Amino acid sequence: MFTAPAPRGLARSQADLPPVPLYRPDSVAEAIHALDTAPAPAALYAGGTDFFARLREGEAPAALVWLDRVQDLREVGRDDHALRLGALVTHHEAFRHPALDAVPGLAAAWRRIATVRIRRQATLGGNLMARRTRYELSILLTALGASAQMAGADGTIDLPVEDLWQADTATHPLLVSVTVPLEGCPRLDYERSMRPTFTQALAMRDGGWRLVVATEYLRPWAHDMAPGTPPAEATAALPADFADPAVSRAHMVRAGAAFLKRQIERMEAPA
Amino acid sequence: MTTLSENGKIDIAFTLNGQPVSRATTTSRTLSDLLRDDMDLKGTRVACGRTVCGACSVLVDGFPRAACSTFAFEVEGRSVTTIEGLEAEDGTLDPVQAAFAKKSAFQCGYCTSGMILLARALLAEHQRPDRETIREWISSNICRCTGYQLIIEAVEEAAETMAGKEAAE
Ligand SMILES: Cc1cc2nc3c(=O)[nH]c(=O)nc-3n(C[C@H](O)[C@H](O)[C@H](O)COP(=O)(O)OP(=O)(O)OC[C@H]3O[C@@H](n4cnc5c(N)ncnc54)[C@H](O)[C@@H]3O)c2cc1C
């Protein structure tokens, strides 16, 4: 359901942030320790491309934990079962990494996110943990059934990426990595031509397809379906209240079905 | 783990326009405030204050970053170039600056320093960029006067000048 954003606060700026303690951990364990011992609330700082907007919106951290030295968060790799992406990987590093070949279509979709200047600075972790509906990695990774590895003082837990929206990050605040399962040879197509009104990702795996629809203001909606499901039937499953002031449900059902037909054709076309 | 600051005060040292500098500052100071207010380098223009428009772009180790949304502590040990650092000591303009002037690639001029530095980084990575590449890079920053066409032409002009210079050397 659409909830109107709060009216903008009057001209808060980064200059309103007082000087605060600053920690630079070298490992995941040190980052967790810093969060636990720093004056509360402590904020994680990665690329900073979203962070300053948050300050302007009223976030007021009492300490900063700067993640840039945590090498474990930068790892990208794959084996036969999974593609693993460290939280500190930038968009630029991600879409150029050969490991992404494991999921055809993922690098091409990722490459279209943001701009040349932002892509070198903005990270996967910040994109997901900012939890803003207009950011797109949650859409792509939800379509691919990815899970998030969240670290806390008592170890690491696995959460489906789609659950990050409502996850209570108090006990496990640090996103370490995201894992995309490779069973069933997943591939992805992302339709972005209507952005920001709405976008649509389709992931195909042997034995199952997953459609994800998202708008600028609504959390991604995911729908699992059998291969060969008619596009109109798939988009007709959108929840009754899936609409916002910029786009109606009826439009997403109709236009989404047309996009989906094209997405299926593109993905089924011989390489 | 390094505790860089317990009380919000921090000393930083970096290279600014080719010269080593050091400053006592705070952990919440942005690079744009440090440059403009503490070092009197007013060529870095702040507009949106949230990374988006790129008017305040400076080069950090050769790549553009929005100075309004970069903490001063992040440039410790790194090399920062502002628009003031492009001109030669004898006042000769950098080829990108000269091309912007020749093509009048500005209207109000507010985005110009950021655009010139963005173009500098583009030409460091692509010596003869095609239009699509120029567009892709230039769309990182916003020109509210929408003077993009002349900016694109200026980048092409600068690329030609720089390629000609290189061939002559
Ligand atoms: C001009 C511009 C254009 C953009 N265009 C697009 C676009 O087209 N599509 C799109 O999807 N996005 C877009 N973005 C958003 C961009 O991708 C995000 O801002 C970026 O990914 C955030 O990453 P960061 O490292 O900068 O995060 P930061 O700003 O450092 O942090 C953001 C938030 O995430 C938290 N955080 C960061 N890392 C972690 C971690 N490892 N664990 C837990 N919490 C963490 C921080 O505490 C903070 O709350 C754009 C942004 C800008 C400024």
# chains A, B, ... in the order shown; residues from 1 in each chain; ligands from 1
$ residues_near_ligand --ligand "ligand 1" --cutoff "6 Å" --atoms "only C-alpha atoms and all ligand atoms" --output "PyMOL selection string"
(chain A and resi 43-51+87+113-114+118+122-127+129-130+135-137+173-176) or (chain B and resi 51-52)
$ residues_around --residues "Phe71 in chain B" --least-positions-apart "5" --cutoff "12 Å" --atoms "only C-alpha atoms" --output "PDB file with N, CA, C and O atoms, in the first residue's frame"
ATOM      1  N   GLN A  14      24.269  18.677   5.923  1.00  0.00           N
ATOM      2  CA  GLN A  14      25.316  17.897   6.575  1.00  0.00           C
ATOM      3  C   GLN A  14      26.036  18.728   7.630  1.00  0.00           C
ATOM      4  O   GLN A  14      26.638  18.168   8.547  1.00  0.00           O
ATOM      5  N   ALA A  15      25.959  20.051   7.512  1.00  0.00           N
ATOM      6  CA  ALA A  15      26.620  20.916   8.496  1.00  0.00           C
ATOM      7  C   ALA A  15      25.979  20.760   9.877  1.00  0.00           C
ATOM      8  O   ALA A  15      26.557  21.158  10.886  1.00  0.00           O
ATOM      9  N   LEU A  17      25.496  17.960  11.308  1.00  0.00           N
ATOM     10  CA  LEU A  17      26.097  16.824  12.011  1.00  0.00           C
ATOM     11  C   LEU A  17      27.258  17.336  12.874  1.00  0.00           C
ATOM     12  O   LEU A  17      28.215  17.911  12.351  1.00  0.00           O
ATOM     13  N   PRO A  19      30.708  17.050  15.175  1.00  0.00           N
ATOM     14  CA  PRO A  19      31.833  16.120  15.113  1.00  0.00           C
ATOM     15  C   PRO A  19      31.549  14.903  15.998  1.00  0.00           C
ATOM     16  O   PRO A  19      31.076  15.063  17.126  1.00  0.00           O
ATOM     17  N   LEU A  22      35.039   8.463  15.345  1.00  0.00           N
ATOM     18  CA  LEU A  22      35.160   7.797  14.041  1.00  0.00           C
ATOM     19  C   LEU A  22      36.030   6.548  14.171  1.00  0.00           C
ATOM     20  O   LEU A  22      37.158   6.628  14.661  1.00  0.00           O
ATOM     21  N   TYR A  45      29.264   3.501   7.501  1.00  0.00           N
ATOM     22  CA  TYR A  45      29.514   4.408   6.383  1.00  0.00           C
ATOM     23  C   TYR A  45      30.264   3.631   5.300  1.00  0.00           C
ATOM     24  O   TYR A  45      31.355   3.116   5.537  1.00  0.00           O
ATOM     25  N   ALA A  46      29.661   3.529   4.114  1.00  0.00           N
ATOM     26  CA  ALA A  46      30.315   2.801   3.008  1.00  0.00           C
ATOM     27  C   ALA A  46      30.706   3.821   1.945  1.00  0.00           C
ATOM     28  O   ALA A  46      31.634   4.603   2.132  1.00  0.00           O
ATOM     29  N   GLY A  47      29.967   3.883   0.807  1.00  0.00           N
ATOM     30  CA  GLY A  47      30.334   4.831  -0.243  1.00  0.00           C
ATOM     31  C   GLY A  47      29.861   6.251   0.033  1.00  0.00           C
ATOM     32  O   GLY A  47      30.363   7.212  -0.551  1.00  0.00           O
ATOM     33  N   GLY A  48      28.862   6.398   0.870  1.00  0.00           N
ATOM     34  CA  GLY A  48      28.369   7.728   1.243  1.00  0.00           C
ATOM     35  C   GLY A  48      27.388   8.354   0.257  1.00  0.00           C
ATOM     36  O   GLY A  48      26.920   9.462   0.479  1.00  0.00           O
ATOM     37  N   THR A  49      27.022   7.657  -0.812  1.00  0.00           N
ATOM     38  CA  THR A  49      26.157   8.296  -1.821  1.00  0.00           C
ATOM     39  C   THR A  49      24.717   8.437  -1.351  1.00  0.00           C
ATOM     40  O   THR A  49      23.965   9.247  -1.871  1.00  0.00           O
ATOM     41  N   PHE A  51      24.175   8.270   2.247  1.00  0.00           N
ATOM     42  CA  PHE A  51      24.346   8.679   3.645  1.00  0.00           C
ATOM     43  C   PHE A  51      24.035  10.167   3.853  1.00  0.00           C
ATOM     44  O   PHE A  51      23.370  10.548   4.817  1.00  0.00           O
ATOM     45  N   PHE A  52      24.517  11.008   2.950  1.00  0.00           N
ATOM     46  CA  PHE A  52      24.336  12.451   3.148  1.00  0.00           C
ATOM     47  C   PHE A  52      22.879  12.861   2.961  1.00  0.00           C
ATOM     48  O   PHE A  52      22.400  13.782   3.623  1.00  0.00           O
ATOM     49  N   LEU A  64      30.597   7.249  13.765  1.00  0.00           N
ATOM     50  CA  LEU A  64      30.683   6.692  12.411  1.00  0.00           C
ATOM     51  C   LEU A  64      31.604   5.481  12.415  1.00  0.00           C
ATOM     52  O   LEU A  64      32.692   5.519  13.011  1.00  0.00           O
ATOM     53  N   TRP A  66      33.470   3.484   9.661  1.00  0.00           N
ATOM     54  CA  TRP A  66      33.837   3.601   8.243  1.00  0.00           C
ATOM     55  C   TRP A  66      34.328   2.238   7.773  1.00  0.00           C
ATOM     56  O   TRP A  66      35.337   1.730   8.272  1.00  0.00           O
TER      57      TRP A  66
ATOM     58  N   ILE B  10      40.140  15.660  14.167  1.00  0.00           N
ATOM     59  CA  ILE B  10      41.005  14.795  13.358  1.00  0.00           C
ATOM     60  C   ILE B  10      41.983  15.636  12.542  1.00  0.00           C
ATOM     61  O   ILE B  10      41.624  16.734  12.071  1.00  0.00           O
ATOM     62  N   ILE B  12      44.278  15.740   9.157  1.00  0.00           N
ATOM     63  CA  ILE B  12      44.384  15.041   7.875  1.00  0.00           C
ATOM     64  C   ILE B  12      45.507  15.659   7.043  1.00  0.00           C
ATOM     65  O   ILE B  12      45.824  16.854   7.168  1.00  0.00           O
ATOM     66  N   THR B  25      40.945  19.300  11.498  1.00  0.00           N
ATOM     67  CA  THR B  25      39.544  19.518  11.152  1.00  0.00           C
ATOM     68  C   THR B  25      38.677  18.620  12.047  1.00  0.00           C
ATOM     69  O   THR B  25      39.126  18.212  13.125  1.00  0.00           O
ATOM     70  N   THR B  26      37.456  18.354  11.623  1.00  0.00           N
ATOM     71  CA  THR B  26      36.591  17.488  12.439  1.00  0.00           C
ATOM     72  C   THR B  26      36.069  16.348  11.579  1.00  0.00           C
ATOM     73  O   THR B  26      36.097  16.420  10.348  1.00  0.00           O
ATOM     74  N   THR B  27      35.547  15.326  12.235  1.00  0.00           N
ATOM     75  CA  THR B  27      35.057  14.147  11.506  1.00  0.00           C
ATOM     76  C   THR B  27      33.781  14.447  10.722  1.00  0.00           C
ATOM     77  O   THR B  27      33.409  13.666   9.857  1.00  0.00           O
ATOM     78  N   SER B  28      33.097  15.535  11.032  1.00  0.00           N
ATOM     79  CA  SER B  28      31.857  15.817  10.311  1.00  0.00           C
ATOM     80  C   SER B  28      32.052  16.877   9.216  1.00  0.00           C
ATOM     81  O   SER B  28      31.105  17.233   8.531  1.00  0.00           O
ATOM     82  N   ARG B  29      33.289  17.363   9.072  1.00  0.00           N
ATOM     83  CA  ARG B  29      33.547  18.384   8.059  1.00  0.00           C
ATOM     84  C   ARG B  29      33.474  17.730   6.669  1.00  0.00           C
ATOM     85  O   ARG B  29      34.118  16.698   6.432  1.00  0.00           O
ATOM     86  N   THR B  30      32.733  18.339   5.766  1.00  0.00           N
ATOM     87  CA  THR B  30      32.725  17.800   4.400  1.00  0.00           C
ATOM     88  C   THR B  30      33.913  18.377   3.637  1.00  0.00           C
ATOM     89  O   THR B  30      34.448  19.446   3.977  1.00  0.00           O
ATOM     90  N   LEU B  31      34.275  17.675   2.571  1.00  0.00           N
ATOM     91  CA  LEU B  31      35.394  18.150   1.751  1.00  0.00           C
ATOM     92  C   LEU B  31      35.057  19.507   1.126  1.00  0.00           C
ATOM     93  O   LEU B  31      35.921  20.383   1.031  1.00  0.00           O
ATOM     94  N   SER B  32      33.802  19.709   0.745  1.00  0.00           N
ATOM     95  CA  SER B  32      33.448  20.998   0.129  1.00  0.00           C
ATOM     96  C   SER B  32      33.599  22.144   1.137  1.00  0.00           C
ATOM     97  O   SER B  32      34.101  23.219   0.794  1.00  0.00           O
ATOM     98  N   ASP B  33      33.191  21.933   2.383  1.00  0.00           N
ATOM     99  CA  ASP B  33      33.346  22.990   3.395  1.00  0.00           C
ATOM    100  C   ASP B  33      34.822  23.228   3.681  1.00  0.00           C
ATOM    101  O   ASP B  33      35.263  24.371   3.858  1.00  0.00           O
ATOM    102  N   LEU B  34      35.594  22.136   3.717  1.00  0.00           N
ATOM    103  CA  LEU B  34      37.034  22.278   3.961  1.00  0.00           C
ATOM    104  C   LEU B  34      37.665  23.118   2.845  1.00  0.00           C
ATOM    105  O   LEU B  34      38.426  24.060   3.104  1.00  0.00           O
ATOM    106  N   LEU B  35      37.329  22.789   1.607  1.00  0.00           N
ATOM    107  CA  LEU B  35      37.947  23.495   0.478  1.00  0.00           C
ATOM    108  C   LEU B  35      37.477  24.947   0.407  1.00  0.00           C
ATOM    109  O   LEU B  35      38.276  25.871   0.272  1.00  0.00           O
ATOM    110  N   ARG B  65      34.310  13.091  -7.620  1.00  0.00           N
ATOM    111  CA  ARG B  65      33.511  12.793  -6.428  1.00  0.00           C
ATOM    112  C   ARG B  65      32.819  14.060  -6.003  1.00  0.00           C
ATOM    113  O   ARG B  65      33.407  15.142  -6.083  1.00  0.00           O
ATOM    114  N   ALA B  66      31.603  13.929  -5.531  1.00  0.00           N
ATOM    115  CA  ALA B  66      30.874  15.100  -5.033  1.00  0.00           C
ATOM    116  C   ALA B  66      31.476  15.507  -3.692  1.00  0.00           C
ATOM    117  O   ALA B  66      31.385  14.761  -2.718  1.00  0.00           O
ATOM    118  N   GLU B  76      42.361  11.617   3.279  1.00  0.00           N
ATOM    119  CA  GLU B  76      43.668  11.394   3.923  1.00  0.00           C
ATOM    120  C   GLU B  76      44.571  10.560   2.995  1.00  0.00           C
ATOM    121  O   GLU B  76      44.172   9.489   2.513  1.00  0.00           O
TER     122      GLU B  76
END
$ residues_around --residues "Arg131 in chain B" --least-positions-apart "4" --cutoff "9 Å" --atoms "only C-alpha atoms" --output "PDB file with all heavy atoms, in the first residue's frame"
ATOM      1  N   ARG B 135      28.273  11.316 -23.630  1.00  0.00           N
ATOM      2  CA  ARG B 135      26.938  11.484 -23.038  1.00  0.00           C
ATOM      3  C   ARG B 135      26.818  10.717 -21.733  1.00  0.00           C
ATOM      4  O   ARG B 135      26.272  11.217 -20.747  1.00  0.00           O
ATOM      5  CB  ARG B 135      25.863  10.936 -23.990  1.00  0.00           C
ATOM      6  CG  ARG B 135      25.346  11.934 -24.962  1.00  0.00           C
ATOM      7  CD  ARG B 135      24.328  11.240 -25.855  1.00  0.00           C
ATOM      8  NE  ARG B 135      24.328  11.854 -27.164  1.00  0.00           N
ATOM      9  CZ  ARG B 135      23.667  12.950 -27.450  1.00  0.00           C
ATOM     10  NH1 ARG B 135      22.932  13.525 -26.548  1.00  0.00           N
ATOM     11  NH2 ARG B 135      23.741  13.475 -28.659  1.00  0.00           N
ATOM     12  N   GLU B 136      27.298   9.487 -21.744  1.00  0.00           N
ATOM     13  CA  GLU B 136      27.164   8.648 -20.555  1.00  0.00           C
ATOM     14  C   GLU B 136      27.892   9.303 -19.374  1.00  0.00           C
ATOM     15  O   GLU B 136      27.358   9.363 -18.262  1.00  0.00           O
ATOM     16  CB  GLU B 136      27.710   7.240 -20.822  1.00  0.00           C
ATOM     17  CG  GLU B 136      27.150   6.244 -19.820  1.00  0.00           C
ATOM     18  CD  GLU B 136      27.836   4.899 -19.794  1.00  0.00           C
ATOM     19  OE1 GLU B 136      28.773   4.663 -20.583  1.00  0.00           O
ATOM     20  OE2 GLU B 136      27.431   4.089 -18.948  1.00  0.00           O
ATOM     21  N   ILE B 152      29.138  18.794 -24.708  1.00  0.00           N
ATOM     22  CA  ILE B 152      29.594  17.616 -25.469  1.00  0.00           C
ATOM     23  C   ILE B 152      30.587  18.067 -26.553  1.00  0.00           C
ATOM     24  O   ILE B 152      31.660  17.470 -26.728  1.00  0.00           O
ATOM     25  CB  ILE B 152      28.385  16.873 -26.082  1.00  0.00           C
ATOM     26  CG1 ILE B 152      27.583  16.201 -24.969  1.00  0.00           C
ATOM     27  CG2 ILE B 152      28.835  15.847 -27.123  1.00  0.00           C
ATOM     28  CD1 ILE B 152      26.227  15.670 -25.400  1.00  0.00           C
ATOM     29  N   GLU B 156      34.608  17.102 -27.066  1.00  0.00           N
ATOM     30  CA  GLU B 156      35.181  16.599 -28.332  1.00  0.00           C
ATOM     31  C   GLU B 156      36.352  17.475 -28.768  1.00  0.00           C
ATOM     32  O   GLU B 156      37.392  16.981 -29.204  1.00  0.00           O
ATOM     33  CB  GLU B 156      34.095  16.569 -29.423  1.00  0.00           C
ATOM     34  CG  GLU B 156      33.090  15.456 -29.190  1.00  0.00           C
ATOM     35  CD  GLU B 156      31.940  15.465 -30.183  1.00  0.00           C
ATOM     36  OE1 GLU B 156      31.602  16.540 -30.742  1.00  0.00           O
ATOM     37  OE2 GLU B 156      31.348  14.407 -30.400  1.00  0.00           O
TER      38      GLU B 156
END
$ residues_around --residues "Arg84 in chain A" --least-positions-apart "2" --cutoff "12 Å" --atoms "only C-alpha atoms" --output "VMD selection string"
chain A and resid 72 to 82 86 to 87 89 94 97 99 to 100 102 to 103 124 141 146 to 149 176 to 182
$ select_by_dssp --residues "chain B" --states "strand (DSSP E)" --output "ChimeraX atom specification"
/B:2-5,9-16,19-26,57-60,63-66,79-81
$ write_last_selection --atoms "N, CA and C atoms" --output "mmCIF file, in the first residue's frame"
data_model
loop_
_atom_site.group_PDB
_atom_site.id
_atom_site.type_symbol
_atom_site.label_atom_id
_atom_site.label_comp_id
_atom_site.auth_asym_id
_atom_site.auth_seq_id
_atom_site.Cartn_x
_atom_site.Cartn_y
_atom_site.Cartn_z
ATOM 1 N N THR B 2 41.330 0.759 13.915
ATOM 2 C CA THR B 2 41.882 2.070 14.193
ATOM 3 C C THR B 2 40.759 2.980 14.682
ATOM 4 N N THR B 3 40.986 3.613 15.805
ATOM 5 C CA THR B 3 40.056 4.665 16.218
ATOM 6 C C THR B 3 40.629 5.954 15.654
ATOM 7 N N LEU B 4 40.012 6.457 14.625
ATOM 8 C CA LEU B 4 40.567 7.652 13.975
ATOM 9 C C LEU B 4 40.323 8.902 14.810
ATOM 10 N N SER B 5 39.224 8.877 15.558
ATOM 11 C CA SER B 5 38.961 10.034 16.424
ATOM 12 C C SER B 5 38.024 9.618 17.544
ATOM 13 N N LYS B 9 37.624 15.311 16.677
ATOM 14 C CA LYS B 9 38.701 16.116 16.062
ATOM 15 C C LYS B 9 39.622 15.186 15.284
ATOM 16 N N ILE B 10 40.140 15.660 14.167
ATOM 17 C CA ILE B 10 41.005 14.795 13.358
ATOM 18 C C ILE B 10 41.983 15.636 12.542
ATOM 19 N N ASP B 11 43.197 15.125 12.422
ATOM 20 C CA ASP B 11 44.197 15.783 11.562
ATOM 21 C C ASP B 11 44.270 15.014 10.253
ATOM 22 N N ILE B 12 44.278 15.740 9.157
ATOM 23 C CA ILE B 12 44.384 15.041 7.875
ATOM 24 C C ILE B 12 45.507 15.659 7.043
ATOM 25 N N ALA B 13 46.095 14.805 6.195
ATOM 26 C CA ALA B 13 47.141 15.275 5.273
ATOM 27 C C ALA B 13 46.838 14.684 3.905
ATOM 28 N N PHE B 14 46.890 15.503 2.901
ATOM 29 C CA PHE B 14 46.617 15.002 1.548
ATOM 30 C C PHE B 14 47.311 15.912 0.544
ATOM 31 N N THR B 15 47.230 15.536 -0.727
ATOM 32 C CA THR B 15 47.833 16.365 -1.763
ATOM 33 C C THR B 15 46.721 17.172 -2.427
ATOM 34 N N LEU B 16 46.880 18.483 -2.423
ATOM 35 C CA LEU B 16 45.854 19.339 -3.012
ATOM 36 C C LEU B 16 46.458 20.091 -4.187
ATOM 37 N N GLN B 19 50.169 19.959 -4.325
ATOM 38 C CA GLN B 19 50.951 20.382 -3.152
ATOM 39 C C GLN B 19 50.516 19.612 -1.908
ATOM 40 N N PRO B 20 51.481 19.174 -1.090
ATOM 41 C CA PRO B 20 51.077 18.516 0.158
ATOM 42 C C PRO B 20 50.453 19.531 1.119
ATOM 43 N N VAL B 21 49.338 19.160 1.743
ATOM 44 C CA VAL B 21 48.709 20.048 2.730
ATOM 45 C C VAL B 21 48.298 19.215 3.936
ATOM 46 N N SER B 22 48.200 19.875 5.087
ATOM 47 C CA SER B 22 47.649 19.182 6.251
ATOM 48 C C SER B 22 46.750 20.163 6.998
ATOM 49 N N ARG B 23 45.753 19.632 7.691
ATOM 50 C CA ARG B 23 44.764 20.472 8.362
ATOM 51 C C ARG B 23 44.245 19.782 9.607
ATOM 52 N N ALA B 24 44.006 20.561 10.618
ATOM 53 C CA ALA B 24 43.252 20.036 11.756
ATOM 54 C C ALA B 24 41.790 20.324 11.454
ATOM 55 N N THR B 25 40.945 19.300 11.498
ATOM 56 C CA THR B 25 39.544 19.518 11.152
ATOM 57 C C THR B 25 38.677 18.620 12.047
ATOM 58 N N THR B 26 37.456 18.354 11.623
ATOM 59 C CA THR B 26 36.591 17.488 12.439
ATOM 60 C C THR B 26 36.069 16.348 11.579
ATOM 61 N N SER B 57 31.814 18.577 -7.920
ATOM 62 C CA SER B 57 32.784 17.509 -8.207
ATOM 63 C C SER B 57 34.218 18.013 -8.113
ATOM 64 N N VAL B 58 35.040 17.228 -7.448
ATOM 65 C CA VAL B 58 36.494 17.428 -7.476
ATOM 66 C C VAL B 58 37.079 16.081 -7.866
ATOM 67 N N LEU B 59 38.333 16.048 -8.285
ATOM 68 C CA LEU B 59 38.941 14.758 -8.597
ATOM 69 C C LEU B 59 39.656 14.230 -7.360
ATOM 70 N N VAL B 60 39.315 13.025 -6.966
ATOM 71 C CA VAL B 60 40.030 12.360 -5.869
ATOM 72 C C VAL B 60 40.763 11.180 -6.510
ATOM 73 N N PHE B 63 39.518 10.706 -10.068
ATOM 74 C CA PHE B 63 38.123 10.411 -10.440
ATOM 75 C C PHE B 63 37.168 11.359 -9.716
ATOM 76 N N PRO B 64 36.105 11.808 -10.433
ATOM 77 C CA PRO B 64 35.220 12.797 -9.808
ATOM 78 C C PRO B 64 34.417 12.260 -8.627
ATOM 79 N N ARG B 65 34.310 13.091 -7.620
ATOM 80 C CA ARG B 65 33.511 12.793 -6.428
ATOM 81 C C ARG B 65 32.819 14.060 -6.003
ATOM 82 N N ALA B 66 31.603 13.929 -5.531
ATOM 83 C CA ALA B 66 30.874 15.100 -5.033
ATOM 84 C C ALA B 66 31.476 15.507 -3.692
ATOM 85 N N SER B 79 45.037 12.202 -3.420
ATOM 86 C CA SER B 79 45.327 13.395 -4.204
ATOM 87 C C SER B 79 44.018 14.042 -4.661
ATOM 88 N N VAL B 80 43.855 15.312 -4.332
ATOM 89 C CA VAL B 80 42.618 16.033 -4.679
ATOM 90 C C VAL B 80 42.947 17.123 -5.691
ATOM 91 N N THR B 81 42.165 17.173 -6.758
ATOM 92 C CA THR B 81 42.325 18.262 -7.728
ATOM 93 C C THR B 81 41.028 19.048 -7.796
#
$ residues_around --residues "Ala222 in chain A" --least-positions-apart "3" --cutoff "12 Å" --atoms "only C-alpha atoms" --output "PyMOL selection string"
chain A and resi 138-145+161-163+200-203+209-214+218-219+225+234-235+237-239+242
$ write_last_selection --atoms "C-alpha atoms" --output "mmCIF file, in the first residue's frame"
data_model
loop_
_atom_site.group_PDB
_atom_site.id
_atom_site.type_symbol
_atom_site.label_atom_id
_atom_site.label_comp_id
_atom_site.auth_asym_id
_atom_site.auth_seq_id
_atom_site.Cartn_x
_atom_site.Cartn_y
_atom_site.Cartn_z
ATOM 1 C CA SER A 138 16.615 -5.369 -4.223
ATOM 2 C CA ILE A 139 14.453 -5.920 -7.330
ATOM 3 C CA LEU A 140 17.147 -7.798 -9.255
ATOM 4 C CA LEU A 141 18.302 -9.858 -6.283
ATOM 5 C CA THR A 142 14.782 -10.714 -5.143
ATOM 6 C CA ALA A 143 14.043 -12.018 -8.639
ATOM 7 C CA LEU A 144 17.114 -14.224 -8.338
ATOM 8 C CA GLY A 145 16.097 -15.577 -4.916
ATOM 9 C CA VAL A 161 16.918 -10.325 0.303
ATOM 10 C CA GLU A 162 13.195 -9.543 0.111
ATOM 11 C CA ASP A 163 13.018 -9.776 3.920
ATOM 12 C CA GLN A 200 10.025 -5.361 -13.844
ATOM 13 C CA ALA A 201 12.560 -8.174 -13.449
ATOM 14 C CA LEU A 202 12.088 -11.708 -14.681
ATOM 15 C CA ALA A 203 14.334 -14.554 -13.570
ATOM 16 C CA TRP A 209 10.142 -18.412 -13.127
ATOM 17 C CA ARG A 210 10.012 -15.432 -10.792
ATOM 18 C CA LEU A 211 8.555 -12.064 -11.728
ATOM 19 C CA VAL A 212 9.264 -8.961 -9.631
ATOM 20 C CA VAL A 213 7.436 -5.683 -10.134
ATOM 21 C CA ALA A 214 8.429 -2.484 -8.317
ATOM 22 C CA LEU A 218 6.331 0.459 -3.422
ATOM 23 C CA ARG A 219 8.449 -2.413 -2.190
ATOM 24 C CA MET A 225 5.102 -19.027 -11.516
ATOM 25 C CA ALA A 234 1.108 -13.385 -14.250
ATOM 26 C CA THR A 235 0.602 -9.629 -13.970
ATOM 27 C CA ALA A 237 -1.836 -11.574 -9.816
ATOM 28 C CA LEU A 238 -0.604 -8.117 -8.650
ATOM 29 C CA PRO A 239 -2.157 -7.372 -5.231
ATOM 30 C CA PHE A 242 -0.394 -2.347 -5.607
#
$ atom_distance --atom1 "CA of Leu41 in chain B" --atom2 "CA of Ser104 in chain B"
23.2 Å
$ select_by_dssp --residues "range 86-256 of chain A" --states "helix (DSSP H, G or I)" --output "VMD selection string"
chain A and resid 91 to 96 98 to 102 106 to 111 116 to 119 124 to 129 137 to 143 161 to 165 231 to 235 249 to 256
$ residues_around --residues "Met1 in chain B" --least-positions-apart "4" --cutoff "6 Å" --atoms "only C-alpha atoms" --output "ChimeraX atom specification"
/A:24-26
$ residues_around --residues "Cys143 in chain B" --least-positions-apart "5" --cutoff "9 Å" --atoms "only C-alpha atoms" --output "PyMOL selection string"
chain B and resi 53+55+106+109-112+115+148
$ closest_residue --among "B:Val75, B:Ile116, B:Ile83, B:Ala124" --to "Ala101 in chain B" --atoms "only C-alpha atoms"
B:Ile116
$ atom_distance --atom1 "CA of Gly147 in chain B" --atom2 "CA of Met194 in chain A"
25.3 Å
$ closest_residue --among "B:Glu84, B:Glu157, B:Asp90, B:Glu169" --to "Pro129 in chain B" --atoms "only C-alpha atoms"
B:Glu157
$ closest_residue --among "A:Ala236, A:Met204, A:Ala40, A:Leu55" --to "chain B" --atoms "only C-alpha atoms"
A:Leu55
$ atom_distance --atom1 "CA of Pro18 in chain A" --atom2 "CA of Asn7 in chain B"
10.5 Å
$ decode --residues "range 113-122 of chain B" --atoms "N, CA and C atoms" --output "PDB file, in the first residue's frame"
ATOM      1  N   SER B 113      32.624  24.151 -13.238  1.00  0.00           N
ATOM      2  CA  SER B 113      33.856  23.566 -12.683  1.00  0.00           C
ATOM      3  C   SER B 113      33.705  22.060 -12.521  1.00  0.00           C
ATOM      4  N   GLY B 114      32.531  21.620 -12.072  1.00  0.00           N
ATOM      5  CA  GLY B 114      32.306  20.176 -11.930  1.00  0.00           C
ATOM      6  C   GLY B 114      32.337  19.479 -13.280  1.00  0.00           C
ATOM      7  N   MET B 115      31.732  20.118 -14.282  1.00  0.00           N
ATOM      8  CA  MET B 115      31.705  19.513 -15.625  1.00  0.00           C
ATOM      9  C   MET B 115      33.119  19.401 -16.200  1.00  0.00           C
ATOM     10  N   ILE B 116      33.915  20.435 -15.994  1.00  0.00           N
ATOM     11  CA  ILE B 116      35.286  20.419 -16.543  1.00  0.00           C
ATOM     12  C   ILE B 116      36.098  19.297 -15.882  1.00  0.00           C
ATOM     13  N   LEU B 117      35.938  19.147 -14.571  1.00  0.00           N
ATOM     14  CA  LEU B 117      36.702  18.087 -13.889  1.00  0.00           C
ATOM     15  C   LEU B 117      36.202  16.703 -14.300  1.00  0.00           C
ATOM     16  N   LEU B 118      34.889  16.593 -14.484  1.00  0.00           N
ATOM     17  CA  LEU B 118      34.320  15.326 -14.972  1.00  0.00           C
ATOM     18  C   LEU B 118      34.895  14.995 -16.354  1.00  0.00           C
ATOM     19  N   ALA B 119      34.952  16.016 -17.217  1.00  0.00           N
ATOM     20  CA  ALA B 119      35.487  15.820 -18.573  1.00  0.00           C
ATOM     21  C   ALA B 119      36.972  15.454 -18.522  1.00  0.00           C
ATOM     22  N   ARG B 120      37.677  16.037 -17.571  1.00  0.00           N
ATOM     23  CA  ARG B 120      39.108  15.730 -17.411  1.00  0.00           C
ATOM     24  C   ARG B 120      39.287  14.236 -17.111  1.00  0.00           C
ATOM     25  N   ALA B 121      38.460  13.732 -16.214  1.00  0.00           N
ATOM     26  CA  ALA B 121      38.555  12.308 -15.851  1.00  0.00           C
ATOM     27  C   ALA B 121      38.149  11.432 -17.032  1.00  0.00           C
ATOM     28  N   LEU B 122      37.128  11.855 -17.745  1.00  0.00           N
ATOM     29  CA  LEU B 122      36.693  11.090 -18.926  1.00  0.00           C
ATOM     30  C   LEU B 122      37.835  10.978 -19.937  1.00  0.00           C
TER      31      LEU B 122
END
